[in-house]
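Chemist: My structure is stored as protein_3.tsv, with TSV, C-alpha atoms and all ligand atoms.
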```tsv
chain	number	residue	atom	x	y	z
A	1	MET	CA	-26.25	-44.09	-101.42
A	2	PRO	CA	-27.35	-40.68	-102.67
A	3	HIS	CA	-27.85	-38.12	-99.94
A	4	THR	CA	-31.55	-37.31	-99.75
A	5	HIS	CA	-32.31	-33.91	-98.36
A	6	GLU	CA	-35.52	-34.06	-96.39
A	7	LYS	CA	-37.61	-30.91	-96.66
A	8	LYS	CA	-38.87	-29.66	-93.32
A	9	PRO	CA	-42.66	-29.37	-93.19
A	10	HIS	CA	-44.06	-25.88	-93.15
A	11	ILE	CA	-45.87	-25.53	-89.84
A	12	ALA	CA	-48.13	-22.67	-88.78
A	13	LEU	CA	-49.55	-21.88	-85.35
A	14	THR	CA	-51.86	-19.21	-83.99
A	15	GLY	CA	-54.14	-18.75	-81.06
A	16	ASP	CA	-56.54	-16.66	-79.07
A	17	ARG	CA	-56.86	-15.91	-75.41
A	18	PRO	CA	-60.26	-17.15	-74.22
A	19	THR	CA	-61.10	-13.80	-72.64
A	20	GLY	CA	-64.11	-12.88	-74.77
A	21	LYS	CA	-65.70	-13.29	-78.14
A	22	LEU	CA	-63.65	-12.45	-81.20
A	23	HIS	CA	-63.96	-9.07	-82.85
A	24	LEU	CA	-63.24	-7.43	-86.20
A	25	GLY	CA	-59.62	-6.78	-85.13
A	26	HIS	CA	-59.01	-10.51	-84.83
A	27	PHE	CA	-60.58	-11.09	-88.19
A	28	VAL	CA	-58.42	-8.67	-90.17
A	29	GLY	CA	-55.35	-9.04	-87.95
A	30	SER	CA	-55.07	-12.79	-87.76
A	31	ILE	CA	-58.05	-14.95	-88.75
A	32	GLN	CA	-57.84	-14.20	-92.48
A	33	ASN	CA	-54.26	-15.45	-92.49
A	34	ARG	CA	-55.19	-18.50	-90.42
A	35	LEU	CA	-57.69	-19.49	-93.07
A	36	LYS	CA	-55.14	-19.08	-95.83
A	37	LEU	CA	-52.48	-21.03	-93.96
A	38	GLN	CA	-54.66	-24.02	-93.22
A	39	ASN	CA	-54.56	-24.64	-96.96
A	40	ASP	CA	-51.03	-23.43	-97.71
A	41	ALA	CA	-49.03	-24.88	-94.81
A	42	ASP	CA	-48.27	-28.58	-94.38
A	43	GLN	CA	-49.66	-28.48	-90.86
A	44	SER	CA	-51.51	-25.84	-88.88
A	45	PHE	CA	-52.26	-25.57	-85.22
A	46	TYR	CA	-54.74	-23.35	-83.45
A	47	MET	CA	-54.33	-22.93	-79.70
A	48	ILE	CA	-56.85	-21.67	-77.17
A	49	ALA	CA	-54.52	-19.92	-74.75
A	50	ASP	CA	-56.29	-20.50	-71.45
A	51	VAL	CA	-53.03	-20.63	-69.47
A	52	GLN	CA	-52.07	-17.24	-70.86
A	53	ALA	CA	-55.57	-15.86	-70.22
A	54	LEU	CA	-55.23	-16.84	-66.57
A	55	THR	CA	-52.07	-14.74	-66.18
A	56	ASP	CA	-54.26	-11.65	-65.88
A	57	ASN	CA	-57.53	-13.36	-64.92
A	58	ALA	CA	-56.36	-15.57	-62.04
A	59	ASP	CA	-59.33	-14.43	-59.96
A	60	ASN	CA	-61.84	-15.21	-62.70
A	61	PRO	CA	-61.34	-18.74	-64.02
A	62	GLU	CA	-65.03	-18.99	-64.95
A	63	LYS	CA	-64.60	-16.22	-67.51
A	64	VAL	CA	-61.70	-18.09	-69.08
A	65	ARG	CA	-63.51	-21.40	-69.04
A	66	ASN	CA	-66.68	-19.99	-70.56
A	67	ASN	CA	-64.78	-18.37	-73.38
A	68	VAL	CA	-62.93	-21.50	-74.49
A	69	LEU	CA	-65.91	-22.69	-76.51
A	70	GLU	CA	-66.75	-19.14	-77.62
A	71	VAL	CA	-63.40	-18.57	-79.34
A	72	ALA	CA	-63.49	-22.09	-80.79
A	73	MET	CA	-66.95	-21.48	-82.28
A	74	ASP	CA	-65.88	-18.06	-83.58
A	75	ASN	CA	-62.97	-19.60	-85.45
A	76	ILE	CA	-64.92	-22.52	-86.87
A	77	ALA	CA	-67.74	-20.22	-87.95
A	78	ALA	CA	-65.14	-17.98	-89.62
A	79	GLY	CA	-63.92	-20.95	-91.64
A	80	LEU	CA	-61.31	-22.75	-89.57
A	81	ASP	CA	-61.63	-26.40	-90.52
A	82	PRO	CA	-60.80	-28.89	-87.76
A	83	THR	CA	-59.87	-31.49	-90.37
A	84	LYS	CA	-57.14	-29.15	-91.62
A	85	THR	CA	-56.20	-27.28	-88.44
A	86	THR	CA	-55.41	-29.00	-85.16
A	87	MET	CA	-57.43	-27.08	-82.58
A	88	PHE	CA	-56.37	-27.59	-78.97
A	89	ILE	CA	-56.52	-26.25	-75.43
A	90	GLN	CA	-53.21	-24.99	-74.00
A	91	SER	CA	-53.64	-26.20	-70.42
A	92	LEU	CA	-54.23	-29.76	-71.61
A	93	VAL	CA	-50.74	-29.86	-73.12
A	94	PRO	CA	-48.62	-29.68	-69.95
A	95	GLU	CA	-45.41	-30.19	-71.97
A	96	ILE	CA	-45.76	-26.50	-72.91
A	97	ALA	CA	-45.46	-25.56	-69.24
A	98	GLU	CA	-42.46	-27.85	-68.93
A	99	LEU	CA	-40.68	-26.18	-71.85
A	100	THR	CA	-41.55	-22.77	-70.40
A	101	VAL	CA	-39.62	-23.63	-67.24
A	102	TYR	CA	-36.43	-24.34	-69.22
A	103	PHE	CA	-36.89	-21.23	-71.36
A	104	MET	CA	-37.17	-19.12	-68.19
A	105	ASN	CA	-33.43	-19.54	-67.72
A	106	LEU	CA	-32.73	-17.96	-71.10
A	107	VAL	CA	-34.43	-14.60	-70.50
A	108	THR	CA	-33.59	-11.85	-68.05
A	109	LEU	CA	-36.08	-9.96	-65.92
A	110	ALA	CA	-34.80	-6.69	-67.42
A	111	ARG	CA	-35.55	-7.94	-70.94
A	112	LEU	CA	-39.09	-8.94	-69.97
A	113	LYS	CA	-39.77	-5.55	-68.45
A	114	ARG	CA	-38.55	-3.87	-71.64
A	115	ASN	CA	-40.92	-5.78	-73.94
A	116	PRO	CA	-43.10	-3.03	-75.50
A	117	THR	CA	-46.19	-5.26	-75.74
A	118	VAL	CA	-46.00	-6.27	-72.11
A	119	LYS	CA	-45.33	-2.67	-71.12
A	120	SER	CA	-48.38	-1.31	-72.92
A	121	GLU	CA	-50.64	-4.14	-71.73
A	122	MET	CA	-49.45	-3.56	-68.16
A	123	LYS	CA	-50.38	0.08	-68.54
A	124	ASP	CA	-53.85	-0.81	-69.90
A	125	LYS	CA	-54.44	-3.16	-66.99
A	126	GLY	CA	-53.12	-0.72	-64.38
A	127	TYR	CA	-50.29	-3.02	-63.27
A	128	GLU	CA	-47.12	-1.47	-61.95
A	129	GLU	CA	-44.69	-3.29	-59.67
A	130	ASP	CA	-47.54	-5.54	-58.54
A	131	VAL	CA	-47.80	-7.27	-61.91
A	132	PRO	CA	-48.39	-11.02	-61.54
A	133	ALA	CA	-45.12	-12.83	-62.34
A	134	GLY	CA	-47.00	-15.11	-64.74
A	135	PHE	CA	-48.18	-12.10	-66.73
A	136	LEU	CA	-44.73	-10.56	-66.99
A	137	LEU	CA	-43.44	-13.94	-68.15
A	138	TYR	CA	-46.09	-14.64	-70.75
A	139	PRO	CA	-43.75	-13.97	-73.69
A	140	ILE	CA	-41.65	-16.92	-72.47
A	141	SER	CA	-44.67	-19.15	-72.34
A	142	GLN	CA	-45.74	-17.94	-75.78
A	143	ALA	CA	-42.32	-18.88	-77.17
A	144	ALA	CA	-42.89	-22.39	-75.78
A	145	ASP	CA	-46.40	-22.52	-77.29
A	146	ILE	CA	-45.00	-21.91	-80.74
A	147	LEU	CA	-41.70	-23.74	-80.55
A	148	ILE	CA	-42.99	-26.96	-79.06
A	149	PHE	CA	-44.85	-27.44	-82.35
A	150	LYS	CA	-41.81	-26.24	-84.35
A	151	ALA	CA	-44.03	-23.68	-86.02
A	152	GLU	CA	-42.24	-21.23	-88.26
A	153	THR	CA	-45.18	-19.11	-89.46
A	154	VAL	CA	-47.29	-17.34	-86.90
A	155	PRO	CA	-50.17	-15.12	-88.04
A	156	VAL	CA	-50.51	-12.28	-85.53
A	157	GLY	CA	-51.61	-8.71	-85.17
A	158	GLU	CA	-48.93	-6.05	-85.00
A	159	ASP	CA	-49.23	-5.85	-81.21
A	160	GLN	CA	-47.62	-9.29	-80.96
A	161	LEU	CA	-44.45	-8.53	-82.95
A	162	PRO	CA	-42.27	-7.73	-79.92
A	163	VAL	CA	-43.36	-11.03	-78.35
A	164	ILE	CA	-42.23	-12.94	-81.46
A	165	GLU	CA	-38.95	-11.03	-81.43
A	166	GLN	CA	-38.37	-12.15	-77.88
A	167	ALA	CA	-39.24	-15.73	-78.82
A	168	ASN	CA	-36.57	-15.60	-81.52
A	169	GLU	CA	-34.01	-14.49	-78.94
A	170	ILE	CA	-34.94	-17.61	-76.99
A	171	VAL	CA	-34.42	-19.74	-80.12
A	172	ASP	CA	-30.97	-18.26	-80.54
A	173	LYS	CA	-29.98	-18.75	-76.90
A	174	PHE	CA	-31.33	-22.29	-76.72
A	175	ASN	CA	-29.48	-23.29	-79.86
A	176	ARG	CA	-26.27	-21.63	-78.63
A	177	PHE	CA	-26.38	-23.43	-75.28
A	178	TYR	CA	-27.74	-26.79	-76.42
A	179	GLY	CA	-27.31	-26.82	-80.20
A	180	THR	CA	-25.14	-28.39	-82.83
A	181	GLY	CA	-22.97	-25.39	-83.76
A	182	GLU	CA	-23.20	-22.43	-86.10
A	183	ASN	CA	-24.31	-22.41	-89.72
A	184	ALA	CA	-22.52	-20.53	-92.52
A	185	ASP	CA	-24.27	-17.28	-91.49
A	186	GLY	CA	-23.02	-17.57	-87.92
A	187	GLU	CA	-26.43	-18.49	-86.57
A	188	ALA	CA	-26.66	-21.14	-83.88
A	189	GLU	CA	-28.43	-24.29	-85.00
A	190	GLY	CA	-30.26	-26.83	-82.93
A	191	VAL	CA	-33.69	-28.12	-82.01
A	192	PHE	CA	-35.49	-24.86	-82.83
A	193	GLN	CA	-35.89	-22.64	-85.87
A	194	LYS	CA	-36.54	-18.91	-86.10
A	195	ILE	CA	-40.20	-17.88	-86.19
A	196	ILE	CA	-41.61	-15.67	-88.94
A	197	PRO	CA	-44.58	-13.52	-87.89
A	198	LEU	CA	-47.24	-13.00	-90.53
A	199	VAL	CA	-49.10	-9.75	-89.95
A	200	GLY	CA	-52.62	-9.40	-91.35
A	201	ALA	CA	-53.93	-7.04	-94.00
A	202	THR	CA	-54.75	-4.62	-91.19
A	203	ALA	CA	-51.90	-4.80	-88.72
A	204	ARG	CA	-53.81	-3.08	-85.95
A	205	LEU	CA	-57.48	-2.23	-86.11
A	206	VAL	CA	-58.40	0.78	-83.97
A	207	GLY	CA	-61.19	0.57	-81.41
A	208	LEU	CA	-64.68	2.05	-81.89
A	209	ASP	CA	-63.60	4.91	-79.64
A	210	GLY	CA	-60.60	5.62	-81.87
A	211	SER	CA	-58.17	4.15	-79.31
A	212	ALA	CA	-55.07	2.43	-80.60
A	213	LYS	CA	-56.37	-1.14	-80.60
A	214	MET	CA	-59.69	-2.90	-80.69
A	215	SER	CA	-59.36	-5.29	-77.78
A	216	LYS	CA	-61.47	-7.70	-75.80
A	217	SER	CA	-60.06	-6.32	-72.55
A	218	LEU	CA	-60.89	-2.73	-73.46
A	219	ASP	CA	-64.36	-3.79	-74.69
A	220	ASN	CA	-64.22	-1.30	-77.55
A	221	GLY	CA	-65.03	-3.64	-80.38
A	222	ILE	CA	-67.62	-5.04	-82.71
A	223	TYR	CA	-67.77	-8.77	-82.11
A	224	LEU	CA	-68.11	-11.13	-85.05
A	225	SER	CA	-71.17	-12.61	-83.39
A	226	ASP	CA	-72.91	-9.26	-82.74
A	227	ASN	CA	-76.39	-9.22	-84.26
A	228	GLU	CA	-77.63	-6.61	-86.69
A	229	ALA	CA	-79.15	-4.32	-84.04
A	230	THR	CA	-75.95	-4.38	-81.96
A	231	ILE	CA	-73.74	-3.68	-84.96
A	232	ARG	CA	-75.93	-0.72	-85.95
A	233	ALA	CA	-75.95	0.65	-82.40
A	234	LYS	CA	-72.18	0.35	-82.09
A	235	VAL	CA	-71.50	2.01	-85.43
A	236	LYS	CA	-73.76	4.89	-84.32
A	237	GLN	CA	-71.46	5.41	-81.32
A	238	MET	CA	-68.29	5.43	-83.39
A	239	TYR	CA	-65.82	8.25	-83.10
A	240	THR	CA	-65.88	10.54	-86.15
A	241	ASP	CA	-64.72	14.13	-86.50
A	242	PRO	CA	-65.78	15.92	-83.29
A	243	ASP	CA	-65.88	19.26	-85.16
A	244	HIS	CA	-68.25	17.92	-87.81
A	245	ILE	CA	-71.51	18.81	-86.12
A	246	HIS	CA	-73.73	19.74	-89.03
A	247	LYS	CA	-74.02	17.85	-92.28
A	248	GLU	CA	-73.10	20.94	-94.34
A	249	GLN	CA	-69.77	21.47	-92.56
A	250	PRO	CA	-66.55	20.13	-94.08
A	251	GLY	CA	-65.40	17.05	-92.16
A	252	LYS	CA	-62.12	15.24	-91.53
A	253	VAL	CA	-61.61	11.77	-92.97
A	254	GLU	CA	-58.22	11.12	-91.36
A	255	GLY	CA	-58.53	9.75	-87.83
A	256	ASN	CA	-62.27	9.30	-88.44
A	257	VAL	CA	-63.00	5.74	-87.33
A	258	VAL	CA	-65.93	5.31	-89.73
A	259	PHE	CA	-63.66	5.97	-92.71
A	260	THR	CA	-60.87	3.85	-91.25
A	261	TYR	CA	-63.30	0.93	-91.20
A	262	LEU	CA	-64.73	1.72	-94.62
A	263	ASP	CA	-61.19	1.64	-96.02
A	264	ILE	CA	-60.96	-1.94	-94.78
A	265	PHE	CA	-64.44	-3.35	-95.29
A	266	ASP	CA	-65.97	-1.37	-98.18
A	267	GLU	CA	-65.16	-3.16	-101.42
A	268	ASP	CA	-66.48	-0.39	-103.68
A	269	LYS	CA	-63.35	1.76	-103.50
A	270	ALA	CA	-64.43	4.15	-106.26
A	271	ARG	CA	-67.66	5.01	-104.45
A	272	LEU	CA	-65.74	5.34	-101.19
A	273	GLU	CA	-63.39	7.94	-102.72
A	274	GLU	CA	-66.43	9.95	-103.89
A	275	LEU	CA	-67.92	9.81	-100.41
A	276	LYS	CA	-64.65	10.93	-98.84
A	277	ALA	CA	-64.47	13.92	-101.19
A	278	GLN	CA	-68.07	14.80	-100.36
A	279	TYR	CA	-67.43	14.49	-96.61
A	280	ARG	CA	-64.35	16.71	-96.85
A	281	ALA	CA	-66.21	19.34	-98.87
A	282	GLY	CA	-69.30	19.31	-96.64
A	283	GLY	CA	-72.76	17.94	-97.34
A	284	LEU	CA	-72.38	14.37	-96.15
A	285	GLY	CA	-73.71	13.61	-92.69
A	286	ASP	CA	-72.30	11.23	-90.09
A	287	VAL	CA	-75.65	9.47	-89.95
A	288	GLU	CA	-75.56	8.54	-93.64
A	289	ILE	CA	-71.97	7.43	-93.71
A	290	LYS	CA	-72.50	5.35	-90.58
A	291	GLU	CA	-75.49	3.66	-92.14
A	292	ARG	CA	-73.37	2.65	-95.11
A	293	LEU	CA	-70.71	1.12	-92.85
A	294	ALA	CA	-73.26	-0.65	-90.64
A	295	THR	CA	-74.92	-2.27	-93.66
A	296	ILE	CA	-71.58	-3.44	-95.04
A	297	LEU	CA	-70.63	-4.99	-91.70
A	298	VAL	CA	-74.04	-6.61	-91.19
A	299	ASP	CA	-73.85	-8.19	-94.66
A	300	SER	CA	-70.20	-9.27	-94.43
A	301	PHE	CA	-70.80	-11.41	-91.37
A	302	GLU	CA	-74.25	-12.75	-92.09
A	303	GLU	CA	-72.99	-16.16	-93.13
A	304	PHE	CA	-70.71	-16.21	-90.09
A	305	ARG	CA	-73.68	-15.62	-87.78
A	306	MET	CA	-75.64	-18.45	-89.36
A	307	ARG	CA	-72.78	-20.91	-89.00
A	308	ARG	CA	-72.20	-19.80	-85.43
A	309	SER	CA	-75.83	-20.36	-84.45
A	310	ALA	CA	-75.60	-23.88	-85.83
A	311	LEU	CA	-72.50	-24.56	-83.70
A	312	GLU	CA	-74.16	-23.12	-80.60
A	313	ALA	CA	-76.88	-25.72	-80.97
A	314	ASP	CA	-74.32	-28.53	-80.46
A	315	LYS	CA	-71.57	-27.34	-78.15
A	316	GLU	CA	-70.67	-30.90	-77.23
A	317	ALA	CA	-69.58	-31.53	-80.81
A	318	VAL	CA	-67.31	-28.47	-80.57
A	319	MET	CA	-65.81	-29.82	-77.35
A	320	ARG	CA	-65.14	-33.16	-79.05
A	321	ILE	CA	-63.23	-31.33	-81.80
A	322	LEU	CA	-61.02	-29.71	-79.16
A	323	GLU	CA	-60.46	-33.01	-77.37
A	324	ALA	CA	-59.37	-34.77	-80.54
A	325	GLY	CA	-57.12	-31.85	-81.52
A	326	THR	CA	-55.58	-31.73	-78.07
A	327	GLU	CA	-54.67	-35.40	-78.27
A	328	ARG	CA	-52.90	-34.85	-81.59
A	329	ALA	CA	-51.15	-31.71	-80.32
A	330	ARG	CA	-49.94	-33.54	-77.26
A	331	GLU	CA	-48.23	-36.22	-79.31
A	332	VAL	CA	-46.23	-33.58	-81.16
A	333	ALA	CA	-45.39	-31.77	-77.92
A	334	ARG	CA	-44.17	-34.99	-76.29
A	335	ALA	CA	-41.87	-35.73	-79.19
A	336	THR	CA	-40.34	-32.24	-79.10
A	337	MET	CA	-39.78	-32.50	-75.34
A	338	GLN	CA	-37.80	-35.68	-75.87
A	339	GLU	CA	-35.55	-33.83	-78.29
A	340	VAL	CA	-35.25	-30.93	-75.85
A	341	ARG	CA	-34.25	-33.20	-72.97
A	342	LYS	CA	-31.69	-34.91	-75.14
A	343	ALA	CA	-30.23	-31.59	-76.32
A	344	MET	CA	-30.09	-30.34	-72.71
A	345	HIS	CA	-28.50	-33.57	-71.45
A	346	ILE	CA	-31.33	-34.21	-69.04
A	347	ASP	CA	-32.56	-37.35	-70.79
A	348	TYR	CA	-31.75	-39.62	-67.87
B	401	LIG	P1	-57.01	-9.39	-74.78
B	401	LIG	O1	-57.47	-7.97	-74.58
B	401	LIG	O2	-57.59	-10.37	-73.82
B	401	LIG	O3	-55.51	-9.51	-74.91
B	401	LIG	P2	-57.20	-9.25	-77.62
B	401	LIG	O4	-58.38	-8.54	-78.17
B	401	LIG	O5	-55.87	-8.55	-77.62
B	401	LIG	O6	-57.61	-9.77	-76.18
B	401	LIG	P3	-55.91	-11.75	-78.23
B	401	LIG	O7	-56.58	-13.05	-77.98
B	401	LIG	O8	-54.87	-11.27	-77.30
B	401	LIG	O9	-57.05	-10.62	-78.37
B	401	LIG	O10	-55.30	-11.73	-79.71
B	401	LIG	C1	-55.45	-12.78	-80.66
B	401	LIG	C2	-54.81	-12.38	-81.98
B	401	LIG	O11	-55.52	-11.31	-82.59
B	401	LIG	C3	-53.37	-11.87	-81.83
B	401	LIG	O12	-52.62	-12.33	-82.93
B	401	LIG	C4	-53.51	-10.38	-81.89
B	401	LIG	O13	-52.34	-9.75	-82.36
B	401	LIG	C5	-54.65	-10.22	-82.88
B	401	LIG	N1	-55.37	-8.97	-82.61
B	401	LIG	C6	-56.05	-8.66	-81.48
B	401	LIG	N2	-56.57	-7.43	-81.56
B	401	LIG	C7	-56.23	-6.94	-82.78
B	401	LIG	C8	-56.49	-5.69	-83.48
B	401	LIG	N3	-57.22	-4.73	-82.92
B	401	LIG	N4	-55.98	-5.55	-84.74
B	401	LIG	C9	-55.25	-6.52	-85.31
B	401	LIG	N5	-54.97	-7.72	-84.72
B	401	LIG	C10	-55.45	-7.93	-83.47
B	402	MG	MG	-54.14	-9.48	-76.58
```
Here is a file; write its structure as structure tokens.

Modeler:
Amino acid sequence: MPHTHEKKPHIALTGDRPTGKLHLGHFVGSIQNRLKLQNDADQSFYMIADVQALTDNADNPEKVRNNVLEVAMDNIAAGLDPTKTTMFIQSLVPEIAELTVYFMNLVTLARLKRNPTVKSEMKDKGYEEDVPAGFLLYPISQAADILIFKAETVPVGEDQLPVIEQANEIVDKFNRFYGTGENADGEAEGVFQKIIPLVGATARLVGLDGSAKMSKSLDNGIYLSDNEATIRAKVKQMYTDPDHIHKEQPGKVEGNVVFTYLDIFDEDKARLEELKAQYRAGGLGDVEIKERLATILVDSFEEFRMRRSALEADKEAVMRILEAGTERAREVARATMQEVRKAMHIDY
């Protein structure tokens, strides 16, 4: 019989922490790629990471619970299609927690403490030695989130790259300990495959205040669901060039958040270059340039806001989507856990 080589399906997975509504950083960092992948990949999964959100919100489960539907509605309104993407809730797939426990043996405490993402998030949250163990360990849990679905493509913002790198170290260790040997390149083979992060068009969108990252936790963002008045008010507060006080003065474009955003969201690049030149030379006020940005943002997300309002009117339907997705996700997770137990020789 001829040997038939079965092509592995291309699987994508992404997720959000239900810690707040989604902002422009999510949109350019990850959502745009999610939308592309739900058509390009053979299967895509979208996870609402409530277990991960609890690692730094243990005292506030209501916040996490309330935001589960919010992030789901944000994604659906942005174009995620539940018939193409399996949308599920992390805590309802306990096999992920089970896999996390086995992965914990493959990572050292020193390595976790060195993870640059964890380090900077710990700093933002004011954790030092009193960091919750679950928070320090979240990269292990995130590896399990991805690998239990055998996802190879993971759309993320740049801040998540060190977490993916750590997940790939787990893949390597797992396959070395419980795998089937090395391939021609000397890589260990087994149940899991290396993960490829897919960074968005804007790897890291700065916050309104000019800080390194727009983030739900830092509350320095424009949310996709913000209404026109809120968007306009927030753009007015944006960090520009602090030395550009009068319209006639020459201003700085670099490091000026309004121009950083215009570079991303203004489609008329020729006009934008003219405006930059005018701002640099003097004669273009912050008020005018902010009005241009605000109008662009208001228009870009108008359709989103309409779709979101429609979803808000029937939250039960959104919950049913998550329930159905969770059921499907759980089947896949169960099957992978059987393979894992077999590979680890704990399939009694
Ligand atoms: P939290 O502060 O609770 O961690 P967050 O704003 O960082 O919230 P997450 O839910 O952690 O949001 O991130 C979801 C996805 O969006 C991740 O892939 C992350 O890399 C990406 N992302 C978040 N913020 C940005 C940003 N400012 N620019 C680009 N991508 C981002
Ligand atoms: Mg985050």

Chemist: Find the residues near Glu323 of chain A: any atom within 12 Å, counting all atoms listed in the file, skip ones fewer than 5 places away on the same chain, and give them as a ChimeraX atom specification.

Modeler: /A:48,69,72,82,86-93,316-318,328-330

Chemist: Output C-alpha atoms for every residue in the selection just made, as an mmCIF file, in the coordinates of the input.

Modeler:
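Final file, selection.cif:
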```cif
data_model
loop_
_atom_site.group_PDB
_atom_site.id
_atom_site.type_symbol
_atom_site.label_atom_id
_atom_site.label_comp_id
_atom_site.auth_asym_id
_atom_site.auth_seq_id
_atom_site.Cartn_x
_atom_site.Cartn_y
_atom_site.Cartn_z
ATOM 1 C CA ILE A 48 -56.850 -21.670 -77.170
ATOM 2 C CA LEU A 69 -65.910 -22.690 -76.510
ATOM 3 C CA ALA A 72 -63.490 -22.090 -80.790
ATOM 4 C CA PRO A 82 -60.800 -28.890 -87.760
ATOM 5 C CA THR A 86 -55.410 -29.000 -85.160
ATOM 6 C CA MET A 87 -57.430 -27.080 -82.580
ATOM 7 C CA PHE A 88 -56.370 -27.590 -78.970
ATOM 8 C CA ILE A 89 -56.520 -26.250 -75.430
ATOM 9 C CA GLN A 90 -53.210 -24.990 -74.000
ATOM 10 C CA SER A 91 -53.640 -26.200 -70.420
ATOM 11 C CA LEU A 92 -54.230 -29.760 -71.610
ATOM 12 C CA VAL A 93 -50.740 -29.860 -73.120
ATOM 13 C CA GLU A 316 -70.670 -30.900 -77.230
ATOM 14 C CA ALA A 317 -69.580 -31.530 -80.810
ATOM 15 C CA VAL A 318 -67.310 -28.470 -80.570
ATOM 16 C CA ARG A 328 -52.900 -34.850 -81.590
ATOM 17 C CA ALA A 329 -51.150 -31.710 -80.320
ATOM 18 C CA ARG A 330 -49.940 -33.540 -77.260
#
```

Chemist: Please report as JSON lines every residue of chain A lying within 10 Å of ligand MG 402 (chain B), along with the nearest atom pair and their distance in Å (one decimal), using only C-alpha atoms and all ligand atoms.

Modeler:
```
{"residue": "A:Asp16", "atom": "CA", "partner": "B:MG402", "partner_atom": "MG", "distance": 8.0}
{"residue": "A:Arg17", "atom": "CA", "partner": "B:MG402", "partner_atom": "MG", "distance": 7.1}
{"residue": "A:Thr19", "atom": "CA", "partner": "B:MG402", "partner_atom": "MG", "distance": 9.1}
{"residue": "A:His26", "atom": "CA", "partner": "B:MG402", "partner_atom": "MG", "distance": 9.6}
{"residue": "A:Gln52", "atom": "CA", "partner": "B:MG402", "partner_atom": "MG", "distance": 9.9}
{"residue": "A:Ala53", "atom": "CA", "partner": "B:MG402", "partner_atom": "MG", "distance": 9.1}
{"residue": "A:Thr117", "atom": "CA", "partner": "B:MG402", "partner_atom": "MG", "distance": 9.0}
{"residue": "A:Val118", "atom": "CA", "partner": "B:MG402", "partner_atom": "MG", "distance": 9.8}
{"residue": "A:Glu121", "atom": "CA", "partner": "B:MG402", "partner_atom": "MG", "distance": 8.0}
{"residue": "A:Gly157", "atom": "CA", "partner": "B:MG402", "partner_atom": "MG", "distance": 9.0}
{"residue": "A:Asp159", "atom": "CA", "partner": "B:MG402", "partner_atom": "MG", "distance": 7.7}
{"residue": "A:Gln160", "atom": "CA", "partner": "B:MG402", "partner_atom": "MG", "distance": 7.9}
{"residue": "A:Lys213", "atom": "CA", "partner": "B:MG402", "partner_atom": "MG", "distance": 9.5}
{"residue": "A:Met214", "atom": "CA", "partner": "B:MG402", "partner_atom": "MG", "distance": 9.5}
{"residue": "A:Ser215", "atom": "CA", "partner": "B:MG402", "partner_atom": "MG", "distance": 6.8}
{"residue": "A:Lys216", "atom": "CA", "partner": "B:MG402", "partner_atom": "MG", "distance": 7.6}
{"residue": "A:Ser217", "atom": "CA", "partner": "B:MG402", "partner_atom": "MG", "distance": 7.8}
```

Chemist: Output the neighbourhood of ligand LIG 401 (chain B) as a PyMOL selection string, that is, all protein and nucleic acid residues with some atom at most 9 Å from the ligand, counting all atoms listed in the file.

Modeler: chain A and resi 14-31+48-49+53+56+71+121+154-161+199-207+212-219+221

Chemist: Output C-alpha atoms for every residue in the selection just made, as a tab-separated table (two decimals), in the frame of the given file.

Modeler:
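New file out-v3.tsv:
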```
chain	number	residue	atom	x	y	z
A	14	THR	CA	-51.86	-19.21	-83.99
A	15	GLY	CA	-54.14	-18.75	-81.06
A	16	ASP	CA	-56.54	-16.66	-79.07
A	17	ARG	CA	-56.86	-15.91	-75.41
A	18	PRO	CA	-60.26	-17.15	-74.22
A	19	THR	CA	-61.10	-13.80	-72.64
A	20	GLY	CA	-64.11	-12.88	-74.77
A	21	LYS	CA	-65.70	-13.29	-78.14
A	22	LEU	CA	-63.65	-12.45	-81.20
A	23	HIS	CA	-63.96	-9.07	-82.85
A	24	LEU	CA	-63.24	-7.43	-86.20
A	25	GLY	CA	-59.62	-6.78	-85.13
A	26	HIS	CA	-59.01	-10.51	-84.83
A	27	PHE	CA	-60.58	-11.09	-88.19
A	28	VAL	CA	-58.42	-8.67	-90.17
A	29	GLY	CA	-55.35	-9.04	-87.95
A	30	SER	CA	-55.07	-12.79	-87.76
A	31	ILE	CA	-58.05	-14.95	-88.75
A	48	ILE	CA	-56.85	-21.67	-77.17
A	49	ALA	CA	-54.52	-19.92	-74.75
A	53	ALA	CA	-55.57	-15.86	-70.22
A	56	ASP	CA	-54.26	-11.65	-65.88
A	71	VAL	CA	-63.40	-18.57	-79.34
A	121	GLU	CA	-50.64	-4.14	-71.73
A	154	VAL	CA	-47.29	-17.34	-86.90
A	155	PRO	CA	-50.17	-15.12	-88.04
A	156	VAL	CA	-50.51	-12.28	-85.53
A	157	GLY	CA	-51.61	-8.71	-85.17
A	158	GLU	CA	-48.93	-6.05	-85.00
A	159	ASP	CA	-49.23	-5.85	-81.21
A	160	GLN	CA	-47.62	-9.29	-80.96
A	161	LEU	CA	-44.45	-8.53	-82.95
A	199	VAL	CA	-49.10	-9.75	-89.95
A	200	GLY	CA	-52.62	-9.40	-91.35
A	201	ALA	CA	-53.93	-7.04	-94.00
A	202	THR	CA	-54.75	-4.62	-91.19
A	203	ALA	CA	-51.90	-4.80	-88.72
A	204	ARG	CA	-53.81	-3.08	-85.95
A	205	LEU	CA	-57.48	-2.23	-86.11
A	206	VAL	CA	-58.40	0.78	-83.97
A	207	GLY	CA	-61.19	0.57	-81.41
A	212	ALA	CA	-55.07	2.43	-80.60
A	213	LYS	CA	-56.37	-1.14	-80.60
A	214	MET	CA	-59.69	-2.90	-80.69
A	215	SER	CA	-59.36	-5.29	-77.78
A	216	LYS	CA	-61.47	-7.70	-75.80
A	217	SER	CA	-60.06	-6.32	-72.55
A	218	LEU	CA	-60.89	-2.73	-73.46
A	219	ASP	CA	-64.36	-3.79	-74.69
A	221	GLY	CA	-65.03	-3.64	-80.38
```
